>>> print(open('data18.cif').read())   # mmCIF, C-alpha atoms
data_query
#
loop_
_atom_site.label_atom_id
_atom_site.label_comp_id
_atom_site.auth_asym_id
_atom_site.auth_seq_id
_atom_site.Cartn_x
_atom_site.Cartn_y
_atom_site.Cartn_z
CA MET A 24 156.12 12.69 106.52
CA MET A 25 159.91 12.82 106.39
CA ASP A 26 161.53 15.88 107.98
CA TYR A 27 164.04 16.45 105.17
CA LYS A 28 165.34 19.69 106.64
CA LYS A 29 166.26 17.99 109.90
CA GLU A 30 167.74 15.05 108.02
CA ILE A 31 170.06 17.20 105.91
CA SER A 32 171.00 19.36 108.89
CA ASN A 33 172.06 16.31 110.92
CA TYR A 34 173.86 14.82 107.94
CA LEU A 35 175.90 17.97 107.25
CA ASP A 36 176.75 18.23 110.96
CA GLU A 37 178.22 14.75 110.68
CA VAL A 38 180.13 15.69 107.51
CA LEU A 39 181.59 18.74 109.28
CA LYS A 40 183.08 16.44 111.94
CA ARG A 41 184.74 14.06 109.48
CA LYS A 42 188.49 13.67 109.57
CA GLU A 43 188.54 11.75 106.28
CA PHE A 44 186.20 12.01 103.32
CA ASN A 45 184.86 9.06 101.37
CA ILE A 46 186.64 10.23 98.23
CA ASP A 47 190.01 10.10 100.03
CA ARG A 48 189.38 6.52 101.18
CA ILE A 49 188.51 5.55 97.61
CA LYS A 50 191.65 7.22 96.24
CA LYS A 51 193.79 5.30 98.74
CA GLU A 52 192.23 2.00 97.73
CA ILE A 53 192.75 2.78 94.06
CA LYS A 54 196.38 3.82 94.50
CA SER A 55 197.12 0.73 96.59
CA SER A 56 196.25 -1.47 93.60
CA LYS A 57 198.88 -2.66 91.15
CA HIS A 58 196.67 -1.83 88.15
CA VAL A 59 193.94 0.72 87.47
CA CYS A 60 191.32 0.28 84.75
CA VAL A 61 188.54 2.58 83.61
CA PHE A 62 185.44 0.67 82.49
CA GLY A 63 183.14 2.38 80.01
CA ILE A 64 184.13 4.41 76.95
CA GLY A 65 181.58 6.99 75.94
CA ALA A 66 180.77 10.68 76.13
CA ILE A 67 180.61 10.61 79.92
CA SER A 68 184.02 8.97 80.27
CA TYR A 69 185.90 11.88 78.71
CA PRO A 70 185.30 14.55 81.37
CA ILE A 71 185.66 11.98 84.17
CA ILE A 72 189.01 10.71 82.88
CA SER A 73 190.13 14.30 82.32
CA SER A 74 189.28 15.06 85.96
CA ILE A 75 191.18 11.97 87.14
CA LYS A 76 194.24 13.02 85.17
CA ASN A 77 194.10 16.69 86.18
CA PHE A 78 192.94 16.54 89.77
CA THR A 79 194.42 13.33 91.18
CA ASP A 80 197.72 11.47 91.09
CA ILE A 81 195.99 8.25 90.00
CA LYS A 82 197.59 6.62 86.97
CA ILE A 83 195.19 4.79 84.64
CA ASP A 84 196.79 1.73 83.00
CA PHE A 85 194.11 0.73 80.48
CA LEU A 86 190.43 0.76 79.60
CA SER A 87 187.72 -1.84 79.13
CA ASP A 88 184.24 -1.89 77.64
CA ASN A 89 181.52 -4.40 76.75
CA ASP A 90 181.47 -3.11 73.16
CA GLN A 91 183.81 -5.41 71.21
CA THR A 92 184.25 -2.82 68.44
CA LYS A 93 186.31 -0.80 70.93
CA TRP A 94 188.68 -3.60 71.94
CA GLU A 95 192.36 -3.17 71.08
CA LYS A 96 191.84 0.48 70.13
CA ILE A 97 193.47 3.51 71.74
CA TYR A 98 191.36 6.17 73.48
CA HIS A 99 192.06 9.23 75.60
CA ASP A 100 195.42 9.77 73.85
CA ASP A 101 197.28 6.70 75.06
CA LEU A 102 194.95 4.21 76.78
CA LYS A 103 194.27 0.82 75.21
CA CYS A 104 190.86 -0.80 75.55
CA ILE A 105 190.87 -4.49 76.44
CA SER A 106 187.97 -6.93 76.59
CA PRO A 107 186.27 -7.87 79.89
CA ASP A 108 187.65 -11.40 79.43
CA GLU A 109 191.22 -10.10 79.17
CA LEU A 110 190.55 -7.86 82.17
CA GLU A 111 190.07 -10.98 84.29
CA LYS A 112 193.82 -11.66 84.07
CA TYR A 113 194.34 -8.74 86.46
CA LYS A 114 191.56 -9.70 88.85
CA ASP A 115 193.76 -10.24 91.90
CA ASP A 116 195.20 -6.74 92.06
CA ILE A 117 193.21 -4.17 90.11
CA ALA A 118 190.96 -1.22 90.86
CA ILE A 119 188.19 -0.56 88.35
CA LEU A 120 186.64 2.87 87.92
CA ILE A 121 183.24 2.79 86.22
CA THR A 122 182.67 5.79 83.92
CA THR A 123 179.21 5.19 82.53
CA GLN A 124 175.68 6.05 83.64
CA HIS A 125 174.98 2.32 83.72
CA TYR A 126 177.22 1.90 86.76
CA LYS A 127 174.81 -0.35 88.67
CA LYS A 128 174.64 -2.86 85.82
CA ILE A 129 178.40 -2.81 85.23
CA TYR A 130 179.03 -3.12 88.96
CA GLN A 131 176.96 -6.31 89.16
CA GLN A 132 178.68 -7.69 86.06
CA LEU A 133 182.12 -7.15 87.56
CA LEU A 134 181.12 -8.49 90.96
CA LYS A 135 179.96 -11.75 89.34
CA LYS A 136 183.35 -12.04 87.66
CA GLY A 137 185.05 -11.84 91.05
CA PHE A 138 186.37 -8.26 91.02
CA ARG A 139 186.27 -6.54 94.40
CA LYS A 140 187.73 -3.05 94.07
CA ILE A 141 185.04 -1.40 91.96
CA PHE A 142 184.34 2.33 92.18
CA ALA A 143 182.35 5.04 90.43
CA VAL A 144 184.33 8.29 90.55
CA THR A 145 182.31 11.22 89.25
CA GLU A 146 183.57 14.31 87.45
CA TYR A 147 182.25 17.07 89.69
CA ARG A 148 183.19 15.26 92.91
CA LEU A 149 186.81 15.47 91.74
CA LEU A 150 186.52 19.02 90.41
CA ASN A 151 184.91 20.22 93.65
CA ASP A 152 187.14 18.26 96.02
CA ASN A 153 188.85 21.29 97.55
CA TYR A 154 185.56 23.15 97.86
CA PHE A 155 183.95 20.35 99.85
CA LYS A 156 186.91 19.98 102.20
CA ASN A 157 186.88 23.65 103.21
CA LYS A 158 185.11 23.92 106.58
CA GLN A 159 183.86 27.42 105.84
CA ASN A 160 182.34 26.21 102.57
CA LEU A 161 180.72 23.30 104.37
CA GLN A 162 179.22 25.60 106.98
CA LYS A 163 177.97 27.91 104.23
CA THR A 164 176.54 24.89 102.43
CA LYS A 165 174.57 23.90 105.50
CA GLU A 166 173.24 27.40 106.18
CA ASN A 167 172.12 28.02 102.61
CA VAL A 168 170.72 24.56 101.94
CA LEU A 169 168.49 24.94 105.01
CA LYS A 170 167.26 28.26 103.60
CA VAL A 171 166.43 26.58 100.30
CA MET A 172 164.57 23.78 102.06
CA ASP A 173 162.23 26.44 103.48
CA ILE A 174 161.26 27.78 100.05
CA LEU A 175 160.89 24.52 98.13
CA GLU A 176 157.34 23.89 97.03
CA ASP A 177 157.03 20.11 97.37
CA GLU A 178 158.39 17.10 99.22
CA ARG A 179 159.88 15.69 96.04
CA SER A 180 162.17 18.72 95.72
CA LYS A 181 163.32 18.29 99.32
CA GLU A 182 163.99 14.58 98.83
CA ILE A 183 166.05 15.37 95.73
CA MET A 184 168.05 18.05 97.59
CA VAL A 185 168.92 15.59 100.36
CA THR A 186 169.97 12.90 97.89
CA LEU A 187 172.07 15.29 95.79
CA ILE A 188 173.99 16.52 98.81
CA LYS A 189 174.58 13.01 100.17
CA ASN A 190 175.97 12.07 96.77
CA TRP A 191 178.45 14.95 97.03
CA PHE A 192 180.08 13.26 99.99
CA ASP A 193 179.10 9.59 99.95
CA PHE A 194 178.39 8.64 96.34
CA ASP A 195 179.14 4.96 95.94
CA VAL A 196 178.01 2.22 93.58
CA ASP A 197 176.29 0.41 96.46
CA THR A 198 174.77 3.38 98.28
CA VAL A 199 172.93 6.65 97.67
CA GLY A 200 173.02 7.09 93.87
CA TYR A 201 170.56 8.91 91.64
CA GLU A 202 168.23 6.12 90.49
CA LYS A 203 165.38 7.07 92.83
CA ILE A 204 165.38 10.77 92.03
CA PHE A 205 165.99 11.15 88.29
CA THR A 206 163.37 11.48 85.56
CA ASN A 207 163.71 11.81 81.78
CA ASP A 208 161.53 14.89 81.33
CA GLN A 209 164.20 17.58 81.56
CA TYR A 210 162.88 21.16 81.18
CA TYR A 211 159.31 19.91 80.77
CA PRO A 212 158.17 18.00 83.89
CA THR A 213 154.41 17.97 83.42
CA ASP A 214 153.66 18.41 87.12
CA ILE A 215 155.52 21.76 87.03
CA ILE A 216 155.74 23.15 83.49
CA LYS A 217 152.41 23.72 81.71
CA LEU A 218 152.82 24.76 78.07
CA SER A 219 150.20 26.79 76.24
CA ASP A 220 149.75 27.43 72.51
CA ASN A 221 151.13 30.96 72.93
CA GLU A 222 154.54 30.44 74.49
CA SER A 223 157.45 32.76 73.80
CA PHE A 224 160.39 30.47 74.56
CA VAL A 225 163.94 31.65 75.28
CA ASP A 226 166.46 28.82 74.85
CA VAL A 227 169.72 29.88 76.50
CA GLY A 228 172.51 27.50 75.63
CA ALA A 229 170.64 26.13 72.64
CA TYR A 230 173.53 23.85 71.59
CA ASN A 231 172.62 22.32 68.19
CA GLY A 232 168.90 22.97 68.58
CA ASP A 233 168.01 19.82 70.53
CA THR A 234 165.89 21.54 73.19
CA LEU A 235 164.40 23.86 70.57
CA PHE A 236 163.11 20.88 68.62
CA ASP A 237 161.92 19.21 71.80
CA PHE A 238 159.91 22.36 72.49
CA LEU A 239 158.38 22.18 68.99
CA ARG A 240 157.35 18.57 69.57
CA ARG A 241 155.82 19.28 72.95
CA THR A 242 153.83 22.25 71.67
CA ASN A 243 152.86 20.52 68.43
CA ASN A 244 154.39 23.54 66.65
CA LYS A 245 151.91 25.89 68.31
CA PHE A 246 153.77 28.85 69.85
CA ASP A 247 154.29 32.59 69.44
CA SER A 248 158.07 32.82 69.22
CA ILE A 249 161.42 31.22 69.99
CA PHE A 250 164.65 33.06 70.79
CA ALA A 251 167.64 30.70 70.85
CA PHE A 252 171.10 31.74 72.08
CA GLU A 253 174.25 29.69 71.44
CA LEU A 254 177.80 31.03 71.87
CA ASP A 255 179.75 28.22 70.22
CA ASN A 256 179.95 28.96 66.49
CA LYS A 257 180.18 25.27 65.54
CA ASN A 258 177.07 24.36 67.54
CA PHE A 259 175.27 27.45 66.24
CA LYS A 260 175.85 26.50 62.61
CA GLU A 261 174.46 23.00 63.26
CA MET A 262 171.36 24.56 64.81
CA GLU A 263 171.03 27.00 61.91
CA LEU A 264 171.10 24.18 59.38
CA ALA A 265 168.50 22.19 61.32
CA VAL A 266 166.14 25.16 61.72
CA ASP A 267 166.54 26.09 58.06
CA LYS A 268 164.83 22.80 57.11
CA LEU A 269 161.64 23.76 58.95
CA ASP A 270 158.51 25.01 57.27
CA ILE A 271 158.67 28.71 56.45
CA ASN A 272 155.75 29.49 58.79
CA LEU A 273 157.73 28.05 61.71
CA LYS A 274 161.06 29.59 60.72
CA ARG A 275 159.69 33.11 60.69
CA LYS A 276 158.81 32.76 64.39
CA ILE A 277 162.30 31.58 65.38
CA LYS A 278 165.21 33.97 65.98
CA LEU A 279 168.73 32.55 66.45
CA TYR A 280 171.55 34.44 68.18
CA ASN A 281 175.21 33.41 67.91
CA SER A 282 176.03 34.82 71.34
CA GLY A 283 176.21 33.81 74.97
CA LEU A 284 174.36 35.43 77.86
CA LEU A 285 175.91 37.14 80.86
CA ASP A 286 175.26 40.30 82.85
CA GLU A 287 177.25 42.43 80.40
CA GLU A 288 178.11 42.74 76.75
CA LYS A 289 181.69 41.74 76.07
CA ASP A 290 184.01 39.64 73.94
CA VAL A 291 184.91 36.26 75.41
CA TYR A 292 187.22 33.38 74.59
CA TYR A 293 186.03 29.83 74.95
CA GLU A 294 186.70 26.18 74.26
CA THR A 295 184.82 25.23 71.11
CA GLY A 296 183.07 22.13 69.88
CA GLY A 297 182.10 20.60 73.21
CA SER A 298 178.71 19.23 74.22
CA GLY A 299 178.27 22.01 76.76
CA MET A 300 175.38 24.31 75.94
CA GLN A 301 177.43 27.46 76.42
CA SER A 302 181.09 26.70 75.92
CA THR A 303 183.37 27.21 78.88
CA PHE A 304 184.95 30.65 79.02
CA ILE A 305 188.69 30.67 79.53
CA ASN A 306 191.06 33.48 80.38
CA VAL A 307 194.20 32.53 78.49
CA ILE A 308 193.63 34.02 75.06
CA ASN A 309 196.37 32.15 73.23
CA THR A 310 194.96 28.75 74.22
CA ALA A 311 191.34 29.53 73.36
CA SER A 312 189.94 27.76 70.36
CA ASP A 313 187.46 30.49 69.45
CA CYS A 314 186.02 33.83 70.51
CA GLY A 315 182.53 35.25 70.64
CA LYS A 316 180.30 37.81 72.30
CA THR A 317 178.00 37.81 75.30
CA VAL A 318 174.94 40.01 75.74
CA ARG A 319 172.34 40.82 78.39
CA LEU A 320 168.98 39.20 77.73
CA THR A 321 167.19 42.33 78.91
CA ASP A 322 168.99 44.39 76.26
CA ILE A 323 168.13 42.02 73.42
CA LEU A 324 164.52 41.17 74.31
CA LYS A 325 163.48 44.23 76.34
CA ASN A 326 160.35 44.82 74.26
CA LYS A 327 159.55 41.16 73.51
CA LYS A 328 157.09 38.86 75.20
CA VAL A 329 158.85 36.12 77.22
CA THR A 330 156.88 33.28 78.83
CA PHE A 331 159.49 30.54 79.34
CA ILE A 332 163.28 30.66 79.81
CA LYS A 333 165.54 27.61 79.85
CA MET A 334 169.26 27.93 80.73
CA ASP A 335 172.07 25.40 80.56
CA ILE A 336 175.26 27.41 80.08
CA GLU A 337 178.10 25.62 81.86
CA GLY A 338 178.11 27.60 85.09
CA SER A 339 177.27 31.06 83.71
CA GLU A 340 173.63 30.81 84.82
CA PRO A 341 173.77 33.28 87.78
CA LYS A 342 175.31 36.05 85.67
CA ALA A 343 172.92 35.37 82.80
CA LEU A 344 169.98 35.56 85.22
CA SER A 345 171.28 38.88 86.50
CA GLY A 346 171.34 40.13 82.91
CA ALA A 347 167.73 38.99 82.52
CA GLU A 348 166.48 40.31 85.85
CA GLU A 349 164.32 43.11 84.45
CA ILE A 350 162.48 40.71 82.13
CA ILE A 351 162.03 38.13 84.89
CA GLN A 352 160.65 40.66 87.38
CA LYS A 353 158.34 42.28 84.85
CA GLN A 354 157.00 39.23 82.96
CA LYS A 355 157.53 36.44 85.52
CA PRO A 356 158.15 33.73 82.90
CA LYS A 357 158.40 30.05 83.69
CA LEU A 358 162.06 29.20 84.38
CA ALA A 359 164.12 26.03 84.00
CA ILE A 360 167.67 26.82 85.18
CA CYS A 361 170.47 24.26 85.49
CA VAL A 362 172.13 24.27 88.91
CA TYR A 363 174.64 21.41 88.77
CA HIS A 364 177.78 23.04 87.36
CA LYS A 365 178.94 24.45 90.71
CA PRO A 366 177.90 23.35 94.22
CA GLU A 367 176.82 26.83 95.30
CA HIS A 368 174.38 27.14 92.39
CA LEU A 369 172.12 24.65 94.14
CA TRP A 370 171.22 27.38 96.63
CA GLU A 371 172.29 30.60 94.91
CA VAL A 372 169.86 30.23 92.00
CA PRO A 373 166.65 29.32 93.89
CA LEU A 374 167.30 31.92 96.61
CA TYR A 375 168.00 34.59 94.00
CA LEU A 376 164.85 33.79 92.03
CA LYS A 377 162.68 33.79 95.14
CA ASN A 378 164.20 37.11 96.16
CA ILE A 379 163.52 38.94 92.87
CA VAL A 380 160.07 37.37 92.37
CA PRO A 381 158.64 36.33 95.77
CA GLU A 382 155.55 34.84 94.07
CA TYR A 383 157.64 32.17 92.33
CA LYS A 384 157.06 28.58 93.39
CA ILE A 385 160.45 26.86 93.46
CA TYR A 386 161.06 23.21 92.55
CA ILE A 387 164.18 21.06 92.12
CA ARG A 388 164.32 18.09 89.75
CA HIS A 389 167.16 15.84 88.59
CA HIS A 390 167.30 14.32 85.12
CA THR A 391 170.15 11.78 84.77
CA PRO A 392 171.34 8.72 86.73
CA LEU A 393 174.62 10.59 87.32
CA GLU A 394 175.43 14.01 88.77
CA TYR A 395 174.47 15.99 85.67
CA GLU A 396 171.27 17.88 84.78
CA THR A 397 169.86 19.15 88.05
CA VAL A 398 167.33 21.87 87.24
CA CYS A 399 165.69 24.57 89.34
CA TYR A 400 162.17 25.35 88.16
CA ALA A 401 160.31 28.55 89.03
CA VAL A 402 156.66 29.09 88.13
CA ILE A 403 153.81 31.35 89.21
#
>>> encode(input="data18.cif", output="structure tokens")
Amino acid sequence: MMDYKKEISNYLDEVLKRKEFNIDRIKKEIKSSKHVCVFGIGAISYPIISSIKNFTDIKIDFLSDNDQTKWEKIYHDDLKCISPDELEKYKDDIAILITTQHYKKIYQQLLKKGFRKIFAVTEYRLLNDNYFKNKQNLQKTKENVLKVMDILEDERSKEIMVTLIKNWFDFDVDTVGYEKIFTNDQYYPTDIIKLSDNESFVDVGAYNGDTLFDFLRRTNNKFDSIFAFELDNKNFKEMELAVDKLDINLKRKIKLYNSGLLDEEKDVYYETGGSGMQSTFINVINTASDCGKTVRLTDILKNKKVTFIKMDIEGSEPKALSGAEEIIQKQKPKLAICVYHKPEHLWEVPLYLKNIVPEYKIYIRHHTPLEYETVCYAVI
């Protein structure tokens, strides 16, 4: 059996000794090229390109995609999309950044065409660049990750932890990657989450109702209640419309809240209309696109039965858990909490949950072929 704790300890020791990080080498190679192209135009490309523009001095010259309906069009404000055939004109001096979850397939396609400088630069690796290069943060990472390894319930969780952390520092199209650790059963892995006919489900960061409807399908509409929280007014209205089409006997068991969850009740300003499940809070009022309210889950559902809580709220998970602590300690519901928005959440959330409910069995699962959708599960 693999000693994953020893493996990650030795790996992080090696990272602590590095004088140059893999991301810096990649940036140098990109900037040494005459042209820079981003390959792949889709939902994932937007945050990655935004990170490239905001957190590096790399200049993107144009885009490319296999979808011919996108050729010759302008995306990301001022970037023209050219065909893969036209891209070959620049083959001798171009760096290509793949911004799609199908990076392995695109990588092989470009290799066959003779391109050599091909990279996959991920959003959070750029956003967290300064965090990872801070020696104190790295030491803290090692100490806390080793603590988490001690409380994880199965070998699969430990394997996933090791792979996630290696991808923080050495993600590359050829190496590491997420293919071996991701599964498509987010929030409902059957080896961890067992649903009964009497669940009382709390959907925190309900977006447009997608996970709510997934819950209905998985329970065959047999449940006690659903409480769905969504801060973004635009997303909330979409969810409201979708739920309103349900049978009256289902609707009466579903309660929707147009609010976010934190550890306090307050007014907040946020960026609206994104795909994030709880829109990102921002501090500059005059640039915010909308405002809303946050509440404590314990205040809203203090007398309600709660058997299952899911959270995906763009980095607000620790504060929302704090605001739900009384419910969690008293009722010990099943938990599915996203831990990918900030590096420290990968240890803060599981350690916190184990501390407030020592009986919890803690698991980690990953649910996309990129860096998104890592979930901490806690069950009795």
>>> residues_around(input="data18.cif", residues="Tyr147 (chain A)", least_positions_apart="2", cutoff="8 Å", atoms="only C-alpha atoms", output="ChimeraX atom specification")
/A:145,149-151,364,394
>>> atom_distance(input="data18.cif", atom1="CA of Ile387 (chain A)", atom2="CA of Arg179 (chain A)")
7.9 Å
>>> resolve_selection(input="data18.cif", expression="the PyMOL selection byres ((chain A and resi 71) around 9)", output="list in words")
Ile67, Ser68, Tyr69, Pro70, Ile72, Ser73, Ser74, Ile75, Lys76, Thr122, Val144, Thr145, Glu146, Tyr147 and Leu149 of chain A
>>> residues_around(input="data18.cif", residues="Asp237 (chain A)", least_positions_apart="2", cutoff="12 Å", atoms="all atoms listed in the file", output="MDAnalysis selection string")
chainID A and resid 208:211 224 226 229 231:235 239:244
>>> write_last_selection(input="data18.cif", atoms="C-alpha atoms", output="CSV table (one decimal), keeping the file's coordinate frame")
chain,number,residue,atom,x,y,z
A,208,ASP,CA,161.5,14.9,81.3
A,209,GLN,CA,164.2,17.6,81.6
A,210,TYR,CA,162.9,21.2,81.2
A,211,TYR,CA,159.3,19.9,80.8
A,224,PHE,CA,160.4,30.5,74.6
A,226,ASP,CA,166.5,28.8,74.8
A,229,ALA,CA,170.6,26.1,72.6
A,231,ASN,CA,172.6,22.3,68.2
A,232,GLY,CA,168.9,23.0,68.6
A,233,ASP,CA,168.0,19.8,70.5
A,234,THR,CA,165.9,21.5,73.2
A,235,LEU,CA,164.4,23.9,70.6
A,239,LEU,CA,158.4,22.2,69.0
A,240,ARG,CA,157.4,18.6,69.6
A,241,ARG,CA,155.8,19.3,73.0
A,242,THR,CA,153.8,22.2,71.7
A,243,ASN,CA,152.9,20.5,68.4
A,244,ASN,CA,154.4,23.5,66.6
>>> residues_around(input="data18.cif", residues="region 350-359 of chain A", least_positions_apart="3", cutoff="7 Å", atoms="only C-alpha atoms", output="list in words")
Tyr210, Thr321, Lys325, Val329, Thr330, Phe331, Ile332, Lys333, Met334, Ala347, Ile379, Val380, Val398, Cys399, Tyr400, Ala401 and Val402 of chain A
>>> residues_around(input="data18.cif", residues="Phe155 (chain A)", least_positions_apart="4", cutoff="12 Å", atoms="all atoms listed in the file", output="PyMOL selection string")
chain A and resi 35+38-39+41+43-47+147-151+159-165+188-193+365-367
>>> residues_around(input="data18.cif", residues="Lys57 (chain A)", least_positions_apart="5", cutoff="12 Å", atoms="all atoms listed in the file", output="VMD selection string")
chain A and resid 52 81 to 84 113 to 119 140
>>> resolve_selection(input="data18.cif", expression="the PyMOL selection byres ((chain A and resi 282-289) around 6)", output="PyMOL selection string")
chain A and resi 252-254+280-281+290+316-319+342-343+345-346
>>> atom_distance(input="data18.cif", atom1="CA of Lys103 (chain A)", atom2="CA of His125 (chain A)")
21.1 Å
>>> atom_distance(input="data18.cif", atom1="CA of Leu344 (chain A)", atom2="CA of Ala66 (chain A)")
28.6 Å
>>> resolve_selection(input="data18.cif", expression="the PyMOL selection byres ((chain A and resi 196-198) around 9)", output="short mmCIF file (atom, residue, chain, number, x, y, z; two decimals) with C-alpha atoms, in the frame of the given file")
data_model
loop_
_atom_site.label_atom_id
_atom_site.label_comp_id
_atom_site.auth_asym_id
_atom_site.auth_seq_id
_atom_site.Cartn_x
_atom_site.Cartn_y
_atom_site.Cartn_z
CA TYR A 126 177.22 1.90 86.76
CA LYS A 127 174.81 -0.35 88.67
CA TYR A 130 179.03 -3.12 88.96
CA ILE A 141 185.04 -1.40 91.96
CA PHE A 142 184.34 2.33 92.18
CA ALA A 143 182.35 5.04 90.43
CA ASN A 190 175.97 12.07 96.77
CA ASP A 193 179.10 9.59 99.95
CA PHE A 194 178.39 8.64 96.34
CA ASP A 195 179.14 4.96 95.94
CA VAL A 199 172.93 6.65 97.67
CA GLY A 200 173.02 7.09 93.87
#
>>> residues_near_point(input="data18.cif", point="(150.9, 33.7, 92.4)", cutoff="7 Å", atoms="only C-alpha atoms", output="PyMOL selection string")
chain A and resi 382-383+403
>>> closest_residue(input="data18.cif", among="A:Glu182, A:Asp214, A:Asp313, A:Glu396", to="Ile31 (chain A)", atoms="only C-alpha atoms")
A:Glu182
>>> residues_near_point(input="data18.cif", point="(152.6, 22.4, 90.0)", cutoff="9 Å", atoms="only C-alpha atoms", output="VMD selection string")
chain A and resid 176 to 177 213 to 217 384 386 402
